[in-house]
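J.: Please read through the structure below; I'll follow up with questions.
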Amino acid sequence: MDVQTKILTEGITLYMLPDEKFKNCVQGIYFSMPLRRETATGLALLPKLLTASNSRFTNRSALHMQAEALYGTRLNATTGKLGEMQTISFIADSIADCYAGEPLFSEVQSLLKTVICEPRGTDAFEEDVFRREKDALREDIKSVVNDKRRYALVRCIEEMCAEEPYGIRADGTEADLERITPSSSFALYKEMLATARVDIFVSGAFDVQQAERGAEELASVLGPRTAPKVEATRFMPSEVRYVQDRETVEQGKLVIGYRADVDIEKEYAALQVFNAIFGGGTSSKLFNNVREKMSLCYYASSQTDRPKGLVFVQSGIQFDKYQTALNAICAQHEEIKNGNVSEAEFSGAVQGIVNSLRSYKDSPATLQAYYVRQLAVGGNMNIEKDIEQILAVKPEQIPPVARLVLMDTVYFLNGTGGNVQ
Amino acid sequence: MKTYPTIGETLHEFVHSSGLRVYVLPKPGFGKSFAIYATDFGSVNNVFTSDGVKIRVPDGVAHFLEHKLFEEEEGDVFGKFSALGASANAYTSFDMTGYLFSATANVYDSLSVLLRFVQNPYFTDENVEKEKGIIGQEIDMYRDDPSWNCFFNGLRAMYEKHPVRVDIAGTAESISKIDKTLLYQCYNAFYSPKNMILFVGGDIEPEAVREVVEKEVPDRRSPEVEVFFPEEPEAVAQTEVEASFMVSRPMLGLCFKEKQMEDPVYADAVYEVLGTLLFGKSTSLYKELYEENLIGDSFSYGYSAGKGYAFMQLETESDNPQKVRERVLHHLEKVRQEGIGNADFERAKKSVYGSAVRMMDNIEQIAHAFVPMAFRGGDFLTYPDVVRSLTLNDVTDVLQNGLSAKNCVLSIVKPNTRRDEQ
């Protein structure tokens, strides 16, 4: 399934994935900017401000009312990081026109345009709206502690990548938030509008011509821009760092961060297969040994971050099992380095990845998210090619890749009474 | 074969000679197929007859059994699925246990593996003991999850006796009492085909599914299991509960203990539309609470009902949970007095209908909604039509007779440590 691509103007591209089998349509507009400490918090505030008040809807409830009237259209305005880019995304998920019995697509298109292009104010956001949204973002930033598994991963990344843009939280920091004013925020908004790389995605059931017309209109309002390509910085660890936090928790959370010293463009498929063998699911070594054989945990899994070439292992364990679990995870890594990978482990890993990639095609939203990630790394804009690359990985490629996956940071979220070495 | 013109779906169903109910939803053009094989046995089924004798089992046994079924004499069944390129999993809810897989190839072979392993228990003293470490960590993981605890504390305050108040996975103490004899007892009571449902969706042939079922499902008849529930008072057990966790801002759940309705599809539809009208982000309630910074972005509601329980829950975060309760109850009273406007009602219906249609692209979501509803005698695929046919009277009725202030519980999770501002 090829993505239909159209460059609308310099720096603004339309990607379309029409498929009539769906009952949904997802329209997404993505602004990508370099991830920088000076602007991260300010950019994180923009999706909130823009959905809180604009020329047509003076408050959040009015906008929600319109979304309800548009057959429960789900409008999501958020920020996140892809490698060392910060993405500000506006995504609307709605049912296809034929199930609504009225022209929904164009209404949703215009709703997105209003949210993005028509805030109230000319050189500053409204004072009261600004204050409220700032409060809301502050709560969001603080709430990172609520989900312990995620918090441990965020803390590991923060420690491991303290000197790199990747270590910056895309939702910002409380300290930076205090420095932002209604007018500095508006200036940043103008900068985003004028300079960010813009990708417009439409996937699901929709009319291609209609999608093109709307995108062209938006592109003509935004105008051309030269958005520089941001390559993620990469460097390798000199020694392993051990970091520990103590909090009032019931279960210890272990996160191990690795850096893969491989050519990401050429060897990412092999790294993905390595990751799946290591901790990618129920056929993986971590699941079968650390969980099933040793009964140390309920979950022990690994994941990759492609643009940065990072691998993270996560597990929830008893506090006093820290060293045992760490040794067990390292031992499984060693097994792969030494080529002790069974045929079943290898093919289970390959099939597992292929199964997920094929599944992406069944959801307009997931498929869109996948291609947005591909764009960030200059990857294939054809999912079939990715599948081919995974299927082409040979078992003998795995141990050399495993040896290039270097441990960087071991993070442990420990209890307040627990004893670990 | 049943067709649903509104949503453009067709469902094939048949009952196997064993009594197993089979549903097949073809999704032409989809790459992934998904199957759930489920039994009508969940965490609330803790008192039942085993070989004619009434027994009480330890908390968490249905969930424990779910974990252990994956073990076979020749090893782990996960390996068989991954050899076929399929991905398997399972879950236990209050009312049921479901075993599932998703696959983009070898669907019928994976279906054989699914049917076979669920029908083939293999419990040993050693493998049961080993699982206690794994489940112990699963329980600990939930003990650190503030929203899960906020939710469960609310349940325990609403329900004095009904086992919906019991943690699905049990506790370290309750699972320590589980052994292989007990697991076989539960298995024999609940895992007979006539107590089960199979749902398969994807680009598949209903006839081919039938063939696999005929081949793999034995015509096994077992005695009818009788289940027992304690008498539950109409009133809530406690009106306010509090716990402390490592959270940034107090979380709260406002839970309304509701009367069960006969028709589960209608109940879900009417409560969902009413929820949109009362607690949606388009309401004056949300607008005011948000603008006063009493609450933040998160403000969600849901209706749940099952074997002998029904409740509506509103979840949010606030520095002043009591104040939020006061405002919500006041808002409810105001809407009761002033009534719901027709334009608002029609808009809420559109919104709920649209969200339901949106689900229809997702086979997993359909299956997860369809199976529990089928156990309760409802057909989830009629849900969008039921939503469309609701009248203002339907929702007004529930508003006048339910969501009452006296059956409302406030569950609070407050921060346990003072965290620095940065």
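For the structure tokens, the naming scheme is as follows: chains receive sequential letters (A, B, ...) according to their order of presentation, residues are indexed from 1 within each chain, and ligands are indexed from 1 in presentation order.
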List the spatial neighbours of Glu234 in chain B as a ChimeraX atom specification - criterion: any atom at most 12 Å away, only C-alpha atoms, same-chain residues fewer than 4 positions off excluded.
T.: /B:158-162,256-260,308-311,402,404,406-408
J.: Give me, as a PyMOL selection string, all polymer residues having an atom no more than 9 Å from Thr396 in chain B, counting only C-alpha atoms and skipping those fewer than 4 positions away in the same chain.
T.: chain B and resi 274+336+339-340+391-392+400-401
J.: Please produce an output containing N, CA and C atoms for each residue in the selection, written as a PDB file, in the first residue's frame.
T.:
ATOM      1  N   LEU B 274     -26.700   9.449  28.687  1.00  0.00           N
ATOM      2  CA  LEU B 274     -26.908  10.274  29.877  1.00  0.00           C
ATOM      3  C   LEU B 274     -25.567  10.800  30.415  1.00  0.00           C
ATOM      4  N   ARG B 336     -32.096  17.703  36.862  1.00  0.00           N
ATOM      5  CA  ARG B 336     -33.356  17.004  37.163  1.00  0.00           C
ATOM      6  C   ARG B 336     -34.521  17.974  37.167  1.00  0.00           C
ATOM      7  N   GLY B 339     -34.657  19.795  33.460  1.00  0.00           N
ATOM      8  CA  GLY B 339     -34.876  18.877  32.342  1.00  0.00           C
ATOM      9  C   GLY B 339     -33.775  18.977  31.304  1.00  0.00           C
ATOM     10  N   ILE B 340     -33.754  17.988  30.427  1.00  0.00           N
ATOM     11  CA  ILE B 340     -32.734  17.946  29.372  1.00  0.00           C
ATOM     12  C   ILE B 340     -33.343  18.512  28.096  1.00  0.00           C
ATOM     13  N   THR B 391     -35.215   7.588  23.307  1.00  0.00           N
ATOM     14  CA  THR B 391     -36.016   8.811  23.382  1.00  0.00           C
ATOM     15  C   THR B 391     -35.585   9.617  24.607  1.00  0.00           C
ATOM     16  N   LEU B 392     -36.000  10.854  24.608  1.00  0.00           N
ATOM     17  CA  LEU B 392     -35.675  11.727  25.733  1.00  0.00           C
ATOM     18  C   LEU B 392     -36.239  11.153  27.038  1.00  0.00           C
ATOM     19  N   GLN B 400     -34.155  10.460  36.684  1.00  0.00           N
ATOM     20  CA  GLN B 400     -35.063  10.672  37.824  1.00  0.00           C
ATOM     21  C   GLN B 400     -34.951   9.554  38.860  1.00  0.00           C
ATOM     22  N   ASN B 401     -34.651   8.341  38.393  1.00  0.00           N
ATOM     23  CA  ASN B 401     -34.666   7.202  39.315  1.00  0.00           C
ATOM     24  C   ASN B 401     -33.286   6.706  39.733  1.00  0.00           C
TER      25      ASN B 401
END
J.: Please extract the residues of range 49-229 of chain A with a backbone DSSP assignment of strand (DSSP E or B) and present them as an MDAnalysis selection string.
T.: chainID A and resid 54 74:82 85:95 119 197:204
J.: Selected residues, C-alpha atoms, written as a JSON list (two decimals), in the first residue's frame, please.
T.:
[["chain", "number", "residue", "atom", "x", "y", "z"],
["A", 54, "ASN", "CA", -10.26, 30.48, 19.04],
["A", 74, "ARG", "CA", -12.31, 12.87, 18.75],
["A", 75, "LEU", "CA", -9.96, 15.82, 18.60],
["A", 76, "ASN", "CA", -6.54, 15.33, 20.08],
["A", 77, "ALA", "CA", -4.02, 18.14, 20.31],
["A", 78, "THR", "CA", -0.79, 17.01, 21.93],
["A", 79, "THR", "CA", 2.96, 17.21, 21.90],
["A", 80, "GLY", "CA", 5.55, 14.46, 21.89],
["A", 81, "LYS", "CA", 9.09, 13.75, 20.82],
["A", 82, "LEU", "CA", 10.29, 11.73, 17.88],
["A", 85, "MET", "CA", 12.30, 16.54, 17.12],
["A", 86, "GLN", "CA", 9.31, 17.85, 19.04],
["A", 87, "THR", "CA", 6.02, 17.22, 17.30],
["A", 88, "ILE", "CA", 2.90, 19.24, 17.97],
["A", 89, "SER", "CA", 0.02, 17.27, 16.55],
["A", 90, "PHE", "CA", -3.64, 17.95, 15.90],
["A", 91, "ILE", "CA", -5.51, 14.75, 15.13],
["A", 92, "ALA", "CA", -9.21, 14.35, 14.44],
["A", 93, "ASP", "CA", -10.79, 10.92, 14.29],
["A", 94, "SER", "CA", -14.30, 10.81, 12.87],
["A", 95, "ILE", "CA", -16.70, 8.43, 11.17],
["A", 119, "PRO", "CA", -6.52, 31.81, 17.99],
["A", 197, "ARG", "CA", 7.96, 21.27, 9.04],
["A", 198, "VAL", "CA", 4.31, 20.48, 8.41],
["A", 199, "ASP", "CA", 3.00, 17.03, 7.53],
["A", 200, "ILE", "CA", -0.66, 16.55, 6.78],
["A", 201, "PHE", "CA", -1.92, 12.96, 6.94],
["A", 202, "VAL", "CA", -5.31, 11.61, 5.99],
["A", 203, "SER", "CA", -6.05, 7.91, 6.41],
["A", 204, "GLY", "CA", -9.19, 5.78, 6.29]]
J.: Taking 2 positions as the minimum chain separation for residues in the same chain, which residues sit within 6 Å of Lys194 in chain B when counting only C-alpha atoms? Answer as a short mmCIF file (atom, residue, chain, number, x, y, z; two decimals) with all heavy atoms, in the first residue's frame.
T.:
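Dumped everything to result.cif:
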data_model
loop_
_atom_site.label_atom_id
_atom_site.label_comp_id
_atom_site.auth_asym_id
_atom_site.auth_seq_id
_atom_site.Cartn_x
_atom_site.Cartn_y
_atom_site.Cartn_z
N GLY B 19 -22.93 -27.43 22.93
CA GLY B 19 -23.55 -26.27 23.56
C GLY B 19 -22.72 -25.01 23.42
O GLY B 19 -23.15 -23.91 23.79
N LEU B 20 -21.50 -25.14 22.88
CA LEU B 20 -20.64 -23.96 22.67
C LEU B 20 -21.29 -23.02 21.65
O LEU B 20 -21.69 -23.44 20.57
CB LEU B 20 -19.27 -24.41 22.14
CG LEU B 20 -18.32 -23.29 21.69
CD1 LEU B 20 -17.84 -22.48 22.89
CD2 LEU B 20 -17.13 -23.86 20.93
N SER B 192 -16.82 -26.08 30.69
CA SER B 192 -17.46 -27.00 29.74
C SER B 192 -17.97 -26.15 28.59
O SER B 192 -18.39 -25.00 28.79
CB SER B 192 -18.58 -27.77 30.43
OG SER B 192 -19.63 -26.89 30.71
N MET B 196 -19.41 -21.66 27.47
CA MET B 196 -18.38 -20.86 26.80
C MET B 196 -18.86 -20.25 25.48
O MET B 196 -19.87 -20.68 24.91
CB MET B 196 -17.13 -21.72 26.55
CG MET B 196 -16.58 -22.29 27.86
SD MET B 196 -15.12 -23.30 27.67
CE MET B 196 -13.87 -22.07 27.35
#
J.: Between A:Cys117, A:Val405, A:Ala136, A:Ala40, which one has atoms that come closest to chain B, using only C-alpha atoms?
T.: A:Ala136
J.: Choose the residue, out of B:Asp385, B:Asp145, B:Glu207, B:Asp95, that has the smallest atom-to-atom separation from Val352 in chain B; count only C-alpha atoms.
T.: B:Asp385
J.: What is the distance, in Å and to one decimal place, between CA of Ala219 in chain A and CA of Leu367 in chain A?
T.: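 Computed distance, CA of Ala219 in chain A to CA of Leu367 in chain A, equals 23.1 Å.
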J.: Extract, using only C-alpha atoms, all DNA, RNA and protein residues at most 7 Å from Phe190 in chain B, discarding same-chain residues fewer than 5 positions from it, and format them as a compact mmCIF listing (two decimals) with C-alpha atoms, in the first residue's frame.
T.:
# COMPACT_ATOMS: atom_id res chain seq x y z
CA THR B 39 -15.88 -18.87 29.77
CA PHE B 41 -16.32 -17.48 34.95
CA ASN B 195 -20.61 -22.43 29.45
CA VAL B 225 -22.81 -25.36 37.61
J.: Using only C-alpha atoms, find the one residue out of B:Ile197, B:Val53, B:Gly280, B:Leu390 that sits nearest to Arg376 in chain B.
T.: B:Ile197
J.: Do a neighbour search on Leu65 in chain B at 9 Å with only C-alpha atoms, toss out local chain neighbours closer than 6 positions, and write the hits as a list in words.
T.: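 Those residues are Leu183, Tyr184, Cys186 and Tyr187 of chain B.
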J.: When you count only C-alpha atoms, which of these residues is closest to Val395 in chain B: B:Phe78, B:Phe34, B:Tyr266, B:Phe94?
T.: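 Among the listed residues, B:Tyr266 lies closest to Val395 in chain B.
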J.: For Glu133 in chain A, list every protein, DNA or RNA residue within 12 Å, evaluated using only C-alpha atoms, and leave out those in the same chain fewer than 6 positions away; present the list as a ChimeraX atom specification.
T.: /A:42,44-53,59-60,125-127,139-140,177,180-182,185 /B:290-293,295-297
J.: Those residues with C-alpha atoms, as an mmCIF file, in the first residue's frame please?
T.:
data_model
loop_
_atom_site.group_PDB
_atom_site.id
_atom_site.type_symbol
_atom_site.label_atom_id
_atom_site.label_comp_id
_atom_site.auth_asym_id
_atom_site.auth_seq_id
_atom_site.Cartn_x
_atom_site.Cartn_y
_atom_site.Cartn_z
ATOM 1 C CA GLY A 42 6.331 26.659 25.356
ATOM 2 C CA ALA A 44 3.842 21.908 24.917
ATOM 3 C CA LEU A 45 1.538 24.704 26.001
ATOM 4 C CA LEU A 46 0.388 25.543 22.460
ATOM 5 C CA PRO A 47 -1.976 22.598 21.822
ATOM 6 C CA LYS A 48 -3.735 23.464 25.080
ATOM 7 C CA LEU A 49 -4.029 27.160 24.287
ATOM 8 C CA LEU A 50 -5.218 26.575 20.742
ATOM 9 C CA THR A 51 -8.005 24.202 21.758
ATOM 10 C CA ALA A 52 -9.046 26.404 24.681
ATOM 11 C CA SER A 53 -10.066 29.427 22.679
ATOM 12 C CA ASN A 59 -13.930 27.946 25.501
ATOM 13 C CA ARG A 60 -13.160 24.230 25.660
ATOM 14 C CA PHE A 125 -3.060 34.952 24.099
ATOM 15 C CA GLU A 126 -5.983 36.076 26.284
ATOM 16 C CA GLU A 127 -4.822 36.518 29.862
ATOM 17 C CA GLU A 139 -0.587 19.573 36.561
ATOM 18 C CA ASP A 140 0.242 17.455 33.507
ATOM 19 C CA LEU A 177 6.641 27.152 32.475
ATOM 20 C CA ILE A 180 6.357 31.908 29.732
ATOM 21 C CA THR A 181 4.023 34.874 29.205
ATOM 22 C CA PRO A 182 0.937 35.348 26.995
ATOM 23 C CA SER A 185 3.800 32.200 23.961
ATOM 24 C CA TYR B 290 -12.232 23.671 34.719
ATOM 25 C CA GLU B 291 -12.331 27.439 34.650
ATOM 26 C CA GLU B 292 -12.150 27.563 38.427
ATOM 27 C CA ASN B 293 -9.135 25.220 38.290
ATOM 28 C CA ILE B 295 -10.268 20.052 37.980
ATOM 29 C CA GLY B 296 -7.816 19.593 35.105
ATOM 30 C CA ASP B 297 -7.910 17.953 31.707
#
J.: Between B:Ser248, B:Thr181, B:Ser318, B:Gln238, which is the closest to chain A once you count only C-alpha atoms?
T.: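 Selected residue with least distance to chain A: B:Ser248.
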